[in-house]
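Text of the file data25.txt, holding compact mmCIF, C-alpha atoms:
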# COMPACT_ATOMS: atom_id res chain seq x y z
CA MET O 1 22.67 -39.59 -11.04
CA LEU O 2 23.84 -36.37 -12.69
CA LYS O 3 23.73 -38.10 -16.07
CA LYS O 4 20.12 -39.09 -15.46
CA VAL O 5 19.20 -35.49 -14.49
CA LEU O 6 20.91 -34.12 -17.59
CA ALA O 7 19.25 -36.71 -19.82
CA GLY O 8 15.86 -35.88 -18.29
CA SER O 9 16.40 -32.14 -18.77
CA PHE O 10 17.36 -32.73 -22.42
CA LEU O 11 14.21 -34.76 -23.06
CA VAL O 12 12.00 -32.11 -21.39
CA SER O 13 13.60 -29.31 -23.39
CA MET O 14 13.15 -31.28 -26.63
CA THR O 15 9.45 -31.60 -25.80
CA ILE O 16 8.91 -27.99 -24.75
CA VAL O 17 10.82 -26.17 -27.50
CA PRO O 18 8.82 -27.48 -30.51
CA PHE O 19 5.57 -26.96 -28.55
CA SER O 20 6.43 -23.36 -27.74
CA MET O 21 7.56 -22.72 -31.32
CA ALA O 22 4.34 -24.13 -32.68
CA THR O 23 2.13 -22.04 -30.43
CA SER O 24 4.09 -18.82 -30.28
CA ALA O 25 2.53 -17.42 -33.44
CA GLU O 26 -0.98 -18.20 -32.25
CA ALA O 27 -0.80 -17.13 -28.63
CA PRO O 28 1.34 -14.05 -28.21
CA ILE O 29 1.89 -12.70 -24.73
CA SER O 30 0.92 -9.10 -24.36
CA GLY O 31 0.83 -6.77 -21.42
CA THR O 32 0.28 -3.19 -20.43
CA VAL O 33 1.91 -1.29 -17.63
CA GLU O 34 -0.70 1.10 -16.30
CA SER O 35 0.16 4.35 -14.65
CA LYS O 36 -0.43 3.42 -11.06
CA CYS O 37 0.77 3.83 -7.54
CA THR O 38 0.99 0.81 -5.27
CA ILE O 39 1.42 0.97 -1.51
CA PHE O 40 3.30 -1.88 0.15
CA THR O 41 3.24 -2.30 3.91
CA GLU O 42 6.56 -4.07 4.30
CA THR O 43 6.99 -3.90 8.07
CA ASN O 44 4.50 -3.26 10.82
CA GLY O 45 5.94 -1.26 13.68
CA VAL O 46 6.45 -2.42 17.24
CA TYR O 47 6.54 -0.18 20.31
CA ALA O 48 9.20 -0.71 22.93
CA SER O 49 9.06 0.75 26.42
CA PRO O 50 12.57 1.86 27.44
CA ILE O 51 11.15 3.70 30.46
CA ALA O 52 7.83 3.16 32.24
CA SER O 53 6.23 6.34 30.89
CA GLN O 54 7.29 6.02 27.27
CA LEU O 55 6.55 3.95 24.17
CA THR O 56 8.82 4.30 21.17
CA THR O 57 9.55 2.61 17.84
CA ASP O 58 13.22 3.63 18.08
CA PRO O 59 15.33 0.55 17.21
CA ALA O 60 17.97 1.72 19.72
CA ASP O 61 15.38 1.15 22.46
CA GLY O 62 14.17 -2.18 21.08
CA GLY O 63 11.32 -0.89 18.90
CA VAL O 64 10.63 -1.57 15.23
CA GLN O 65 9.90 1.23 12.78
CA PRO O 66 7.16 0.63 10.19
CA ILE O 67 8.48 0.53 6.62
CA ILE O 68 6.13 1.60 3.83
CA ARG O 69 7.02 1.24 0.17
CA PHE O 70 5.55 3.26 -2.69
CA ASP O 71 5.90 1.89 -6.23
CA VAL O 72 5.13 4.49 -8.86
CA ALA O 73 4.83 3.53 -12.52
CA LEU O 74 4.50 7.06 -13.91
CA ALA O 75 6.78 9.96 -12.99
CA ASP O 76 5.46 13.22 -11.59
CA SER O 77 1.89 11.96 -11.26
CA PHE O 78 1.42 11.11 -7.60
CA LEU O 79 1.75 12.56 -4.12
CA GLY O 80 2.72 10.27 -1.27
CA ARG O 81 1.36 11.25 2.13
CA ILE O 82 2.36 9.46 5.31
CA SER O 83 1.02 10.35 8.74
CA PHE O 84 2.47 9.16 12.02
CA PRO O 85 -0.05 8.43 14.79
CA THR O 86 -1.33 11.09 17.19
CA SER O 87 -3.45 8.76 19.31
CA PHE O 88 -3.84 5.09 20.10
CA SER O 89 -6.49 3.16 18.19
CA SER O 90 -6.66 0.75 21.11
CA SER O 91 -5.09 0.90 24.54
CA PRO O 92 -5.91 0.52 28.21
CA SER O 93 -7.62 3.48 29.87
CA LEU O 94 -5.24 6.45 29.89
CA PRO O 95 -6.63 9.34 31.97
CA ASP O 96 -3.45 11.44 31.80
CA THR O 97 -2.06 13.42 28.88
CA GLN O 98 -0.51 11.60 25.96
CA ASP O 99 2.24 13.46 24.13
CA PHE O 100 2.71 11.91 20.68
CA SER O 101 5.59 12.75 18.39
CA GLY O 102 7.04 11.17 15.29
CA ASN O 103 8.76 11.55 11.96
CA VAL O 104 8.77 10.16 8.43
CA GLU O 105 11.99 9.73 6.47
CA VAL O 106 13.08 8.16 3.21
CA GLU O 107 14.71 4.80 3.92
CA THR O 108 15.84 3.64 0.46
CA VAL O 109 15.29 4.76 -3.13
CA SER O 110 15.57 3.01 -6.49
CA ASP O 111 16.67 6.07 -8.44
CA VAL O 112 19.16 8.83 -7.69
CA GLY O 113 16.52 11.37 -8.74
CA MET O 114 14.69 10.57 -5.50
CA ALA O 115 17.62 11.71 -3.36
CA ASP O 116 16.00 15.06 -2.56
CA TYR O 117 12.62 13.68 -1.51
CA ASP O 118 13.29 14.34 2.17
CA THR O 119 14.50 17.89 1.69
CA ASP O 120 11.66 18.73 -0.72
CA LYS O 121 8.84 17.25 1.35
CA THR O 122 6.02 19.30 2.83
CA THR O 123 5.07 18.76 6.46
CA PHE O 124 1.78 19.74 8.02
CA ASN O 125 0.69 18.58 11.47
CA ASN O 126 1.61 14.89 11.63
CA THR O 127 1.54 14.41 7.83
CA HIS O 128 4.58 14.35 5.57
CA GLU O 129 3.82 14.88 1.88
CA TYR O 130 6.25 13.76 -0.81
CA ASP O 131 6.02 14.76 -4.47
CA LEU O 132 6.84 11.49 -6.21
CA THR O 133 8.51 13.04 -9.25
CA VAL O 134 10.46 9.96 -10.34
CA ALA O 135 9.07 6.57 -11.38
CA GLY O 136 10.33 3.73 -9.23
CA THR O 137 10.38 2.48 -5.67
CA THR O 138 10.74 4.52 -2.50
CA ARG O 139 10.75 3.09 1.02
CA PHE O 140 9.79 5.30 3.94
CA LYS O 141 10.38 4.64 7.61
CA VAL O 142 8.08 6.05 10.24
CA SER O 143 9.03 6.74 13.82
CA SER O 144 6.55 7.21 16.64
CA GLU O 145 6.94 8.04 20.32
CA MET O 146 4.46 8.63 23.13
CA ASP O 147 5.28 10.13 26.52
CA TYR O 148 2.62 9.64 29.13
CA GLY O 149 1.53 12.17 31.74
CA ASP O 150 4.20 13.72 33.90
CA THR O 151 6.47 10.68 33.65
CA LYS O 152 3.71 8.42 34.95
CA ALA O 153 3.96 4.71 34.42
CA LEU O 154 1.86 3.36 31.55
CA PRO O 155 -0.72 0.77 32.61
CA ALA O 156 -0.13 -2.77 31.41
CA GLY O 157 -1.97 -3.82 28.25
CA ASN O 158 -1.84 -3.77 24.46
CA TYR O 159 -1.25 -0.51 22.67
CA THR O 160 -2.03 -0.04 18.98
CA ALA O 161 -1.52 3.06 16.84
CA ILE O 162 -2.17 3.45 13.13
CA VAL O 163 0.16 4.91 10.51
CA THR O 164 -1.67 6.17 7.42
CA ALA O 165 -0.06 5.89 3.97
CA GLU O 166 -1.78 7.59 1.08
CA CYS O 167 -1.04 7.86 -2.62
CA VAL O 168 -2.97 10.55 -4.47
CA ALA O 169 -2.97 11.16 -8.21
CA LYS O 170 -1.93 14.75 -9.03
CA MET R 171 23.68 -32.89 -8.22
CA ARG R 172 24.53 -30.73 -5.22
CA VAL R 173 24.55 -27.67 -7.48
CA VAL R 174 21.06 -28.54 -8.79
CA ILE R 175 19.71 -28.98 -5.24
CA PHE R 176 21.39 -25.73 -4.16
CA PHE R 177 19.72 -23.80 -6.99
CA MET R 178 16.34 -25.40 -6.25
CA ILE R 179 16.64 -24.31 -2.61
CA LEU R 180 17.59 -20.80 -3.75
CA VAL R 181 14.51 -20.62 -6.01
CA PHE R 182 12.15 -21.83 -3.27
CA VAL R 183 13.62 -19.48 -0.67
CA GLY R 184 13.41 -16.56 -3.11
CA LEU R 185 9.81 -17.42 -4.03
CA GLY R 186 8.86 -17.74 -0.39
CA TYR R 187 10.44 -14.39 0.40
CA ALA R 188 8.64 -12.74 -2.53
CA ILE R 189 5.26 -14.09 -1.40
CA LYS R 190 5.92 -13.09 2.22
CA ASP R 191 6.95 -9.65 1.04
CA ALA R 192 3.80 -9.01 -0.99
CA HIS R 193 1.58 -6.80 1.19
CA SER R 194 0.27 -4.31 -1.29
CA HIS R 195 -2.82 -2.29 -2.07
CA GLU R 196 -3.24 -1.50 -5.74
CA MET R 197 -5.90 0.43 -7.65
CA VAL R 198 -6.21 1.35 -11.32
CA PRO R 199 -6.77 3.53 -13.24
CA ALA R 200 -4.95 6.44 -11.65
CA TYR R 201 -6.98 8.85 -13.78
CA PHE R 202 -10.63 8.06 -14.40
CA LYS R 203 -13.44 9.27 -16.68
CA LEU R 204 -17.13 9.46 -15.93
CA THR R 205 -19.47 8.08 -18.57
CA GLN R 206 -23.22 8.02 -18.87
CA SER R 207 -24.74 5.09 -17.01
CA PRO R 208 -27.91 3.25 -18.13
CA VAL R 209 -29.77 5.39 -15.58
CA VAL R 210 -30.78 8.90 -16.67
CA ASN R 211 -28.78 11.73 -15.00
CA VAL R 212 -26.35 9.29 -13.41
CA HIS R 213 -22.74 8.86 -14.49
CA VAL R 214 -20.51 5.92 -13.73
CA THR R 215 -16.84 5.04 -13.50
CA SER R 216 -15.11 1.81 -12.58
CA PHE R 217 -11.90 0.77 -10.85
CA LYS R 218 -9.97 -2.42 -10.40
CA LEU R 219 -8.57 -3.18 -6.99
CA PHE R 220 -6.00 -5.81 -6.07
CA ASN R 221 -5.52 -6.82 -2.46
CA ALA R 222 -2.12 -8.31 -1.72
CA ARG R 223 -2.31 -7.34 1.95
CA ASN R 224 -2.80 -10.45 4.01
CA ASP R 225 -3.69 -8.32 7.04
CA VAL R 226 -6.62 -6.56 5.32
CA ASP R 227 -9.96 -8.06 4.22
CA TYR R 228 -12.14 -4.99 3.77
CA TYR R 229 -11.86 -1.77 1.80
CA GLN R 230 -13.99 1.37 1.69
CA VAL R 231 -14.72 3.64 -1.27
CA SER R 232 -15.08 7.40 -0.88
CA VAL R 233 -15.48 10.31 -3.30
CA TYR R 234 -14.15 13.84 -2.76
CA ASP R 235 -14.08 17.22 -4.46
CA GLU R 236 -10.85 19.16 -5.03
CA ASP R 237 -10.94 20.52 -1.46
CA TRP R 238 -11.39 17.04 -0.02
CA ASN R 239 -15.04 17.55 0.90
CA ARG R 240 -17.12 14.41 0.54
CA VAL R 241 -19.27 14.07 -2.57
CA PRO R 242 -22.39 11.88 -2.52
CA PHE R 243 -22.15 8.73 -4.60
CA ALA R 244 -23.70 5.30 -4.94
CA SER R 245 -22.00 1.94 -5.21
CA PHE R 246 -22.79 -1.68 -4.55
CA ASP R 247 -19.34 -1.81 -2.95
CA ARG R 248 -19.18 1.14 -0.60
CA VAL R 249 -17.52 -1.11 1.99
CA PHE R 250 -16.63 -4.48 0.55
CA LYS R 251 -14.75 -7.63 1.33
CA LEU R 252 -11.72 -8.43 -0.81
CA GLU R 253 -9.74 -11.46 0.21
CA HIS R 254 -6.00 -11.72 0.03
CA LEU R 255 -4.63 -11.92 -3.55
CA LYS R 256 -8.08 -11.32 -5.08
CA ARG R 257 -9.13 -8.69 -7.61
CA LYS R 258 -12.39 -6.81 -7.81
CA GLU R 259 -13.99 -4.29 -10.14
CA ILE R 260 -15.87 -1.51 -8.39
CA LYS R 261 -18.40 0.76 -10.03
CA VAL R 262 -19.06 4.22 -8.61
CA TYR R 263 -22.20 6.11 -9.63
CA ILE R 264 -22.41 9.90 -9.44
CA GLN R 265 -25.45 12.12 -10.00
CA GLU R 266 -25.21 14.59 -12.84
CA VAL R 267 -25.53 17.54 -10.42
CA ASP R 268 -22.32 16.42 -8.68
CA ILE R 269 -20.09 15.55 -11.63
CA GLN R 270 -18.55 19.03 -11.79
CA SER R 271 -17.29 18.72 -8.23
CA VAL R 272 -16.00 15.15 -8.33
CA THR R 273 -12.20 15.14 -8.26
CA TYR R 274 -10.95 12.11 -6.31
CA VAL R 275 -12.19 8.57 -5.82
CA CYS R 276 -10.33 6.75 -3.06
CA THR R 277 -10.16 3.25 -1.65
CA GLU R 278 -9.00 2.82 1.92
CA SER R 279 -8.06 -0.30 3.83
CA LYS R 280 -10.19 -1.11 6.86
CA LEU R 281 -8.21 -2.50 9.77
CA TYR R 282 -9.38 -4.91 12.43
CA LYS R 283 -9.00 -3.49 15.90
CA GLY R 284 -6.17 -5.28 17.63
CA LYS R 285 -5.56 -7.78 14.81
CA GLY R 286 -2.06 -6.60 14.11
CA ALA R 287 -2.42 -4.33 11.08
CA TYR R 288 -0.91 -0.99 11.98
CA VAL R 289 -0.64 0.71 8.58
CA ALA R 290 -3.75 2.04 6.87
CA SER R 291 -3.35 2.48 3.12
CA ARG R 292 -5.35 4.77 0.89
CA ILE R 293 -5.07 5.22 -2.88
CA CYS R 294 -6.86 8.05 -4.65
CA SER R 295 -7.50 8.32 -8.38
CA LYS R 296 -8.13 11.69 -9.98
CA ILE R 297 -10.67 12.63 -12.62
CA LYS R 298 -9.26 13.08 -16.10
CA LYS R 299 -10.33 16.48 -17.43

structure tokens encoding of this file:
Amino acid sequence: MLKKVLAGSFLVSMTIVPFSMATSAEAPISGTVESKCTIFTETNGVYASPIASQLTTDPADGGVQPIIRFDVALADSFLGRISFPTSFSSSPSLPDTQDFSGNVEVETVSDVGMADYDTDKTTFNNTHEYDLTVAGTTRFKVSSEMDYGDTKALPAGNYTAIVTAECVAK
Amino acid sequence: MRVVIFFMILVFVGLGYAIKDAHSHEMVPAYFKLTQSPVVNVHVTSFKLFNARNDVDYYQVSVYDEDWNRVPFASFDRVFKLEHLKRKEIKVYIQEVDIQSVTYVCTESKLYKGKGAYVASRICSKIKK
């Protein structure tokens, strides 16, 4: 069986090689890498409810933190802004106060030059702004927590909150 | 033979993982120029958008000045449908009176309420001066 596979592979390669040699001069492959920023939504978050009055994405409590990846093809040209939610986009009726909190942190980097992204970031309100000074890939993890009322139990239903990821050319 | 099958499985698993992993929003160019359109006193610029987010079908275009105030613009694709793994060229038209204030053109993903998309993505290109 192995002999047949090897013989088949040899025949295929004999067919392909002359064909590719004959056409390589006439059909060159060309490409351009444009200076761009691409946002990847790698993981959608999931809220867990460790106590009746709280929703959290903390993995220690059974939640899942959203992971957002920024790919930057040109160094020092983009700002990455990530905002954790401050309200639900859909939920059951919640007449009591909702206390949202959250954080954004670098999860992984593709270049050692990105090591200081967390310490150099600017934070305003619920938005964390990163100066993407190095070309490459950066993954960010977002945490979100909501405490309801004065430790009141959250009504049953589906809760959805939106994380915003933004890449702005400088 | 077992080695061949093993490598084939590895390739298929890797390919499947790569496709599953591709949930991206991409827009070029990062820096744009306004040029005269066929219409008098109207300038135009164009962008290419690629939707690799399988949880997003619609995008919205918006134009801002340097202080992030909205700038009036016209486009056939102000809010447009872009299916998964499709590309689209968008043209944005700006009046001559506004071209000095135009700084950013952004595309933003539109999420379905309760469909399961919990990350809104926005990419903004900047005018090349």

Write down, as a PyMOL selection string, each residue of chain O that has any atom within 9 Å of an atom of chain R, counting only C-alpha atoms. chain O and resi 1-2+5+34-45+66+68-69+77-78+89-90+158-170

Surrounding residues of Pro155 in chain O excluding itself and chain neighbours under 2 positions, 10 Å, only C-alpha atoms, as a PyMOL selection string: chain O and resi 52-53+91-94+152-153+157-158

Residues at most 8 Å from Phe140 in chain O, counting all atoms listed in the file, excluding those fewer than 3 positions away in the same chain, as a PyMOL selection string? chain O and resi 67-69+104-108

Could you save those same residues with C-alpha atoms as a PDB file, in the coordinates of the input?
ATOM      1  CA  ILE O  67       8.480   0.530   6.620  1.00  0.00           C
ATOM      2  CA  ILE O  68       6.130   1.600   3.830  1.00  0.00           C
ATOM      3  CA  ARG O  69       7.020   1.240   0.170  1.00  0.00           C
ATOM      4  CA  VAL O 104       8.770  10.160   8.430  1.00  0.00           C
ATOM      5  CA  GLU O 105      11.990   9.730   6.470  1.00  0.00           C
ATOM      6  CA  VAL O 106      13.080   8.160   3.210  1.00  0.00           C
ATOM      7  CA  GLU O 107      14.710   4.800   3.920  1.00  0.00           C
ATOM      8  CA  THR O 108      15.840   3.640   0.460  1.00  0.00           C
TER       9      THR O 108
END

Can you list, as a PyMOL selection string, every protein, DNA or RNA residue that comes within 8 Å of Asp120 in chain O when you count only C-alpha atoms, leaving out same-chain residues fewer than 2 positions away? chain O and resi 116-118+122+130-131

Store the residues picked out above in a file with C-alpha atoms, as a PDB file, in the coordinates of the input.
ATOM      1  CA  ASP O 116      16.000  15.060  -2.560  1.00  0.00           C
ATOM      2  CA  TYR O 117      12.620  13.680  -1.510  1.00  0.00           C
ATOM      3  CA  ASP O 118      13.290  14.340   2.170  1.00  0.00           C
ATOM      4  CA  THR O 122       6.020  19.300   2.830  1.00  0.00           C
ATOM      5  CA  TYR O 130       6.250  13.760  -0.810  1.00  0.00           C
ATOM      6  CA  ASP O 131       6.020  14.760  -4.470  1.00  0.00           C
TER       7      ASP O 131
END

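The spacing separating CA of His213 in chain R from CA of Leu74 in chain O amounts to 27.3 Å.
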
From the structure just shown, export range 115-155 of chain O with N, CA and C atoms as a PDB file, in the first residue's frame.
ATOM      1  N   ALA O 115       5.701  44.440  25.875  1.00  0.00           N
ATOM      2  CA  ALA O 115       5.617  44.057  27.283  1.00  0.00           C
ATOM      3  C   ALA O 115       5.089  45.175  28.176  1.00  0.00           C
ATOM      4  N   ASP O 116       5.312  46.415  27.771  1.00  0.00           N
ATOM      5  CA  ASP O 116       4.905  47.544  28.613  1.00  0.00           C
ATOM      6  C   ASP O 116       3.533  48.108  28.250  1.00  0.00           C
ATOM      7  N   TYR O 117       2.819  47.443  27.383  1.00  0.00           N
ATOM      8  CA  TYR O 117       1.515  47.968  26.957  1.00  0.00           C
ATOM      9  C   TYR O 117       0.584  48.243  28.146  1.00  0.00           C
ATOM     10  N   ASP O 118       0.563  47.329  29.107  1.00  0.00           N
ATOM     11  CA  ASP O 118      -0.353  47.504  30.236  1.00  0.00           C
ATOM     12  C   ASP O 118       0.049  48.683  31.116  1.00  0.00           C
ATOM     13  N   THR O 119       1.341  48.837  31.341  1.00  0.00           N
ATOM     14  CA  THR O 119       1.791  49.925  32.213  1.00  0.00           C
ATOM     15  C   THR O 119       1.676  51.282  31.507  1.00  0.00           C
ATOM     16  N   ASP O 120       1.770  51.273  30.175  1.00  0.00           N
ATOM     17  CA  ASP O 120       1.728  52.538  29.424  1.00  0.00           C
ATOM     18  C   ASP O 120       0.317  52.932  28.975  1.00  0.00           C
ATOM     19  N   LYS O 121      -0.664  52.116  29.259  1.00  0.00           N
ATOM     20  CA  LYS O 121      -2.010  52.400  28.734  1.00  0.00           C
ATOM     21  C   LYS O 121      -2.642  53.604  29.448  1.00  0.00           C
ATOM     22  N   THR O 122      -3.583  54.207  28.748  1.00  0.00           N
ATOM     23  CA  THR O 122      -4.353  55.315  29.314  1.00  0.00           C
ATOM     24  C   THR O 122      -5.756  54.812  29.601  1.00  0.00           C
ATOM     25  N   THR O 123      -6.279  55.159  30.773  1.00  0.00           N
ATOM     26  CA  THR O 123      -7.614  54.702  31.147  1.00  0.00           C
ATOM     27  C   THR O 123      -8.511  55.900  31.389  1.00  0.00           C
ATOM     28  N   PHE O 124      -9.652  55.911  30.737  1.00  0.00           N
ATOM     29  CA  PHE O 124     -10.643  56.951  31.030  1.00  0.00           C
ATOM     30  C   PHE O 124     -12.015  56.307  31.047  1.00  0.00           C
ATOM     31  N   ASN O 125     -12.748  56.579  32.126  1.00  0.00           N
ATOM     32  CA  ASN O 125     -14.044  55.935  32.373  1.00  0.00           C
ATOM     33  C   ASN O 125     -13.892  54.416  32.245  1.00  0.00           C
ATOM     34  N   ASN O 126     -14.642  53.808  31.342  1.00  0.00           N
ATOM     35  CA  ASN O 126     -14.552  52.353  31.199  1.00  0.00           C
ATOM     36  C   ASN O 126     -13.692  51.950  30.000  1.00  0.00           C
ATOM     37  N   THR O 127     -12.956  52.928  29.439  1.00  0.00           N
ATOM     38  CA  THR O 127     -12.159  52.666  28.231  1.00  0.00           C
ATOM     39  C   THR O 127     -10.671  52.593  28.565  1.00  0.00           C
ATOM     40  N   HIS O 128     -10.021  51.587  28.004  1.00  0.00           N
ATOM     41  CA  HIS O 128      -8.573  51.438  28.169  1.00  0.00           C
ATOM     42  C   HIS O 128      -7.938  51.630  26.791  1.00  0.00           C
ATOM     43  N   GLU O 129      -7.041  52.613  26.685  1.00  0.00           N
ATOM     44  CA  GLU O 129      -6.440  52.942  25.397  1.00  0.00           C
ATOM     45  C   GLU O 129      -4.971  52.513  25.371  1.00  0.00           C
ATOM     46  N   TYR O 130      -4.634  51.732  24.365  1.00  0.00           N
ATOM     47  CA  TYR O 130      -3.270  51.229  24.205  1.00  0.00           C
ATOM     48  C   TYR O 130      -2.636  51.847  22.962  1.00  0.00           C
ATOM     49  N   ASP O 131      -1.420  52.353  23.107  1.00  0.00           N
ATOM     50  CA  ASP O 131      -0.666  52.844  21.959  1.00  0.00           C
ATOM     51  C   ASP O 131       0.073  51.649  21.357  1.00  0.00           C
ATOM     52  N   LEU O 132      -0.388  51.221  20.181  1.00  0.00           N
ATOM     53  CA  LEU O 132       0.163  49.999  19.576  1.00  0.00           C
ATOM     54  C   LEU O 132       1.442  50.358  18.817  1.00  0.00           C
ATOM     55  N   THR O 133       2.530  50.459  19.570  1.00  0.00           N
ATOM     56  CA  THR O 133       3.791  50.972  19.022  1.00  0.00           C
ATOM     57  C   THR O 133       4.600  49.923  18.271  1.00  0.00           C
ATOM     58  N   VAL O 134       4.232  48.670  18.412  1.00  0.00           N
ATOM     59  CA  VAL O 134       5.001  47.584  17.787  1.00  0.00           C
ATOM     60  C   VAL O 134       4.088  46.797  16.838  1.00  0.00           C
ATOM     61  N   ALA O 135       4.607  46.474  15.660  1.00  0.00           N
ATOM     62  CA  ALA O 135       3.824  45.664  14.714  1.00  0.00           C
ATOM     63  C   ALA O 135       3.751  44.221  15.218  1.00  0.00           C
ATOM     64  N   GLY O 136       2.594  43.633  15.092  1.00  0.00           N
ATOM     65  CA  GLY O 136       2.431  42.247  15.536  1.00  0.00           C
ATOM     66  C   GLY O 136       1.061  42.023  16.147  1.00  0.00           C
ATOM     67  N   THR O 137       0.982  40.975  16.945  1.00  0.00           N
ATOM     68  CA  THR O 137      -0.300  40.536  17.505  1.00  0.00           C
ATOM     69  C   THR O 137      -0.347  40.752  19.008  1.00  0.00           C
ATOM     70  N   THR O 138      -1.429  41.327  19.476  1.00  0.00           N
ATOM     71  CA  THR O 138      -1.643  41.484  20.918  1.00  0.00           C
ATOM     72  C   THR O 138      -3.036  40.966  21.259  1.00  0.00           C
ATOM     73  N   ARG O 139      -3.115  40.135  22.273  1.00  0.00           N
ATOM     74  CA  ARG O 139      -4.420  39.652  22.749  1.00  0.00           C
ATOM     75  C   ARG O 139      -4.743  40.340  24.071  1.00  0.00           C
ATOM     76  N   PHE O 140      -5.981  40.800  24.164  1.00  0.00           N
ATOM     77  CA  PHE O 140      -6.439  41.467  25.386  1.00  0.00           C
ATOM     78  C   PHE O 140      -7.576  40.657  25.997  1.00  0.00           C
ATOM     79  N   LYS O 141      -7.589  40.593  27.319  1.00  0.00           N
ATOM     80  CA  LYS O 141      -8.714  39.949  27.993  1.00  0.00           C
ATOM     81  C   LYS O 141      -9.492  41.005  28.771  1.00  0.00           C
ATOM     82  N   VAL O 142     -10.780  40.866  28.728  1.00  0.00           N
ATOM     83  CA  VAL O 142     -11.671  41.847  29.345  1.00  0.00           C
ATOM     84  C   VAL O 142     -12.427  41.165  30.474  1.00  0.00           C
ATOM     85  N   SER O 143     -12.465  41.828  31.612  1.00  0.00           N
ATOM     86  CA  SER O 143     -13.267  41.290  32.713  1.00  0.00           C
ATOM     87  C   SER O 143     -14.430  42.234  32.984  1.00  0.00           C
ATOM     88  N   SER O 144     -15.542  41.668  33.394  1.00  0.00           N
ATOM     89  CA  SER O 144     -16.735  42.465  33.667  1.00  0.00           C
ATOM     90  C   SER O 144     -17.468  41.860  34.858  1.00  0.00           C
ATOM     91  N   GLU O 145     -17.979  42.755  35.704  1.00  0.00           N
ATOM     92  CA  GLU O 145     -18.735  42.291  36.879  1.00  0.00           C
ATOM     93  C   GLU O 145     -19.885  43.259  37.135  1.00  0.00           C
ATOM     94  N   MET O 146     -21.011  42.726  37.552  1.00  0.00           N
ATOM     95  CA  MET O 146     -22.163  43.570  37.877  1.00  0.00           C
ATOM     96  C   MET O 146     -22.752  43.108  39.208  1.00  0.00           C
ATOM     97  N   ASP O 147     -22.841  44.058  40.144  1.00  0.00           N
ATOM     98  CA  ASP O 147     -23.490  43.780  41.429  1.00  0.00           C
ATOM     99  C   ASP O 147     -24.830  44.490  41.447  1.00  0.00           C
ATOM    100  N   TYR O 148     -25.835  43.780  41.807  1.00  0.00           N
ATOM    101  CA  TYR O 148     -27.204  44.292  41.685  1.00  0.00           C
ATOM    102  C   TYR O 148     -27.771  44.740  43.023  1.00  0.00           C
ATOM    103  N   GLY O 149     -28.314  45.970  43.016  1.00  0.00           N
ATOM    104  CA  GLY O 149     -29.012  46.499  44.180  1.00  0.00           C
ATOM    105  C   GLY O 149     -28.214  46.337  45.461  1.00  0.00           C
ATOM    106  N   ASP O 150     -28.887  46.238  46.544  1.00  0.00           N
ATOM    107  CA  ASP O 150     -28.245  46.011  47.835  1.00  0.00           C
ATOM    108  C   ASP O 150     -28.286  44.515  48.110  1.00  0.00           C
ATOM    109  N   THR O 151     -27.439  43.809  47.344  1.00  0.00           N
ATOM    110  CA  THR O 151     -27.371  42.338  47.385  1.00  0.00           C
ATOM    111  C   THR O 151     -28.728  41.687  47.129  1.00  0.00           C
ATOM    112  N   LYS O 152     -29.482  42.271  46.195  1.00  0.00           N
ATOM    113  CA  LYS O 152     -30.757  41.663  45.806  1.00  0.00           C
ATOM    114  C   LYS O 152     -30.515  40.571  44.784  1.00  0.00           C
ATOM    115  N   ALA O 153     -31.399  39.608  44.759  1.00  0.00           N
ATOM    116  CA  ALA O 153     -31.255  38.522  43.793  1.00  0.00           C
ATOM    117  C   ALA O 153     -31.634  39.009  42.391  1.00  0.00           C
ATOM    118  N   LEU O 154     -30.821  38.647  41.410  1.00  0.00           N
ATOM    119  CA  LEU O 154     -31.118  39.008  40.022  1.00  0.00           C
ATOM    120  C   LEU O 154     -32.276  38.164  39.506  1.00  0.00           C
ATOM    121  N   PRO O 155     -33.213  38.797  38.778  1.00  0.00           N
ATOM    122  CA  PRO O 155     -34.304  38.004  38.216  1.00  0.00           C
ATOM    123  C   PRO O 155     -33.785  37.046  37.137  1.00  0.00           C
TER     124      PRO O 155
END
